[in-house]
>>> print(open('data00.cif').read())   # mmCIF, C-alpha atoms
data_entry
#
loop_
_atom_site.label_atom_id
_atom_site.label_comp_id
_atom_site.auth_asym_id
_atom_site.auth_seq_id
_atom_site.Cartn_x
_atom_site.Cartn_y
_atom_site.Cartn_z
CA MET A 541 29.09 144.37 -36.69
CA PRO A 542 32.86 144.19 -37.34
CA GLU A 543 34.63 147.35 -38.32
CA ARG A 544 35.73 147.78 -41.93
CA ILE A 545 39.46 147.66 -42.39
CA LEU A 546 39.86 147.50 -46.17
CA LEU A 547 38.38 150.07 -48.54
CA CYS A 548 38.81 149.40 -52.25
CA TYR A 549 38.30 151.43 -55.35
CA ILE A 550 37.98 148.76 -58.04
CA ASN A 551 36.00 148.79 -61.23
CA GLU A 552 35.29 145.06 -61.45
CA LYS A 553 34.08 145.34 -65.03
CA THR A 554 37.68 145.54 -66.21
CA ARG A 555 39.87 142.49 -66.58
CA ALA A 556 42.34 143.82 -63.98
CA GLY A 557 39.51 144.61 -61.54
CA LYS A 558 38.05 141.12 -61.80
CA ARG A 559 41.50 139.58 -61.40
CA LEU A 560 42.27 141.70 -58.33
CA LEU A 561 38.97 140.86 -56.62
CA SER A 562 39.59 137.18 -57.29
CA VAL A 563 43.11 137.28 -55.84
CA MET A 564 41.97 139.22 -52.76
CA ASP A 565 39.16 136.77 -51.96
CA GLY A 566 39.65 135.36 -48.48
CA VAL A 567 42.41 137.72 -47.33
CA VAL A 568 39.98 139.83 -45.31
CA PRO A 569 36.51 138.73 -44.14
CA GLN A 570 33.85 140.13 -46.49
CA SER A 571 32.20 141.96 -43.59
CA GLN A 572 35.38 144.05 -43.19
CA VAL A 573 35.73 145.02 -46.86
CA ALA A 574 33.99 147.79 -48.76
CA VAL A 575 34.36 147.94 -52.54
CA TYR A 576 33.56 151.19 -54.32
CA ARG A 577 32.99 151.32 -58.06
CA ARG A 578 33.02 155.12 -58.21
CA ILE A 579 35.74 157.35 -56.82
CA LYS A 580 33.18 159.81 -55.44
CA ASP A 581 31.66 157.03 -53.30
CA LEU A 582 35.05 156.28 -51.73
CA TYR A 583 35.52 160.00 -51.11
CA ARG A 584 32.13 160.20 -49.40
CA GLU A 585 33.00 157.26 -47.12
CA LEU A 586 36.35 158.77 -46.10
CA PHE A 587 34.76 162.16 -45.49
CA GLN A 588 32.09 160.64 -43.22
CA VAL A 589 34.46 158.66 -40.98
CA PRO A 590 37.41 160.91 -40.09
CA GLY A 591 39.91 159.42 -37.68
CA MET A 592 39.42 155.82 -38.79
CA ASP A 593 42.48 153.88 -39.92
CA PHE A 594 41.90 152.00 -43.17
CA ILE A 595 43.93 150.08 -45.66
CA ILE A 596 42.94 151.62 -48.97
CA LEU A 597 43.42 149.69 -52.17
CA LEU A 598 43.19 151.88 -55.28
CA LEU A 599 43.13 150.43 -58.79
CA ALA A 600 43.51 153.23 -61.36
CA HIS A 601 43.12 152.06 -64.95
CA HIS A 602 44.20 155.32 -66.53
CA ARG A 603 45.80 158.65 -65.67
CA LYS A 604 42.42 160.41 -65.32
CA GLU A 605 41.55 158.10 -62.43
CA VAL A 606 44.86 158.90 -60.73
CA GLU A 607 44.07 162.60 -61.13
CA LYS A 608 40.60 162.13 -59.62
CA ILE A 609 42.11 160.25 -56.67
CA LEU A 610 44.66 163.02 -56.13
CA ALA A 611 41.80 165.53 -55.88
CA PHE A 612 41.08 164.20 -52.37
CA LYS A 613 44.65 163.40 -51.41
CA ASP A 614 44.25 165.08 -48.01
CA LEU A 615 41.66 162.47 -46.96
CA LEU A 616 43.94 159.63 -48.03
CA LEU A 617 47.23 160.57 -46.40
CA ASP A 618 46.32 159.27 -42.94
CA HIS A 619 45.67 155.78 -44.30
CA ARG A 620 47.78 152.88 -45.54
CA ILE A 621 47.54 153.02 -49.32
CA ILE A 622 48.19 150.39 -51.94
CA LEU A 623 48.12 151.91 -55.41
CA ILE A 624 47.83 150.12 -58.73
CA VAL A 625 48.54 152.25 -61.80
CA PRO A 626 48.65 151.67 -65.57
CA HIS A 627 51.80 149.88 -66.70
CA GLY A 628 54.22 152.10 -68.57
CA ASP A 629 52.55 155.37 -67.60
CA ARG A 630 55.44 157.21 -65.97
CA LYS A 631 53.30 160.28 -65.24
CA SER A 632 50.77 158.16 -63.30
CA VAL A 633 53.61 156.61 -61.30
CA ALA A 634 55.03 160.05 -60.50
CA MET A 635 51.61 161.39 -59.48
CA GLY A 636 50.92 158.25 -57.44
CA HIS A 637 54.06 158.73 -55.36
CA SER A 638 52.56 161.96 -53.99
CA LEU A 639 50.05 159.75 -52.12
CA TYR A 640 52.95 158.07 -50.27
CA PRO A 641 51.64 154.57 -50.91
CA ARG A 642 52.97 151.71 -48.82
CA PHE A 643 53.06 149.68 -52.02
CA MET A 644 52.64 150.43 -55.72
CA THR A 645 52.31 148.04 -58.64
CA PHE A 646 50.88 147.94 -62.16
CA THR A 647 47.58 146.89 -63.68
CA ASP A 648 49.24 144.06 -65.62
CA SER A 649 50.46 142.44 -62.39
CA ASP A 650 49.14 139.08 -61.21
CA PHE A 651 48.38 140.86 -57.86
CA SER A 652 49.89 138.11 -55.71
CA ASP A 653 52.18 140.79 -54.30
CA VAL A 654 49.16 142.94 -53.42
CA ARG A 655 47.57 140.00 -51.61
CA ALA A 656 50.77 139.44 -49.61
CA VAL A 657 51.08 143.13 -48.68
CA VAL A 658 47.45 143.38 -47.51
CA ALA A 659 47.81 140.17 -45.49
CA LYS A 660 50.93 141.53 -43.81
CA MET A 661 49.26 144.89 -43.07
CA ILE A 662 46.35 143.10 -41.42
CA ARG A 663 48.61 140.95 -39.27
CA GLY A 664 50.76 143.93 -38.28
#
>>> encode(input="data00.cif", output="structure tokens")
Amino acid sequence: MPERILLCYINEKTRAGKRLLSVMDGVVPQSQVAVYRRIKDLYRELFQVPGMDFIILLLAHHRKEVEKILAFKDLLLDHRIILIVPHGDRKSVAMGHSLYPRFMTFTDSDFSDVRAVVAKMIRG
């Protein structure tokens, strides 16, 4: 079984989550992607596989989600992070920078830039 390389926290029930999943389709083989709907499930996965190198795609719809993600910041810092935060929420942007993401964008994006960044990370 191929190793997972992309871990995603995406609530697909939101418009932005559905759009992101649609844009990301085909960038990485499905067998190498894990999508988590709850932050605690992503935490559990990261805690169980220390030492693995993942690309982690985080879609935070509101500041509370950013705060929950920051609660396990130590588990995230060894990974390549792409962070999507609410547009216009300067506090979420500031908090998000403490994760040292490789790329950050907003929930109102068309996510084509996210697709390009993930594709480049996989190739590199």
>>> resolve_selection(input="data00.cif", expression="the PyMOL selection byres ((chain A and resi 627) around 12)", output="PyMOL selection string")
chain A and resi 556+599-603+624-626+628-633+644-649
>>> resolve_selection(input="data00.cif", expression="the PyMOL selection byres ((chain A and resi 567-573) around 9)", output="list of chain:residue names")
A:Met541, A:Pro542, A:Glu543, A:Arg544, A:Ile545, A:Leu546, A:Leu547, A:Cys548, A:Val563, A:Met564, A:Asp565, A:Gly566, A:Ala574, A:Val575, A:Arg655, A:Ala656, A:Val658, A:Ala659, A:Ile662
>>> resolve_selection(input="data00.cif", expression="the PyMOL selection byres ((chain A and resi 580) around 12)", output="ChimeraX atom specification")
/A:549,576-579,581-587,605,608-612
>>> axis_aligned_box(input="data00.cif", around="region 629-638 of chain A", padding_each_side="4 Å", output="AutoDock Vina command-line options")
--center_x 53.1 --center_y 158.7 --center_z -60.8 --size_x 12.7 --size_y 14.6 --size_z 21.6
>>> atom_distance(input="data00.cif", atom1="CA of Lys660 (chain A)", atom2="CA of Glu607 (chain A)")
28.1 Å
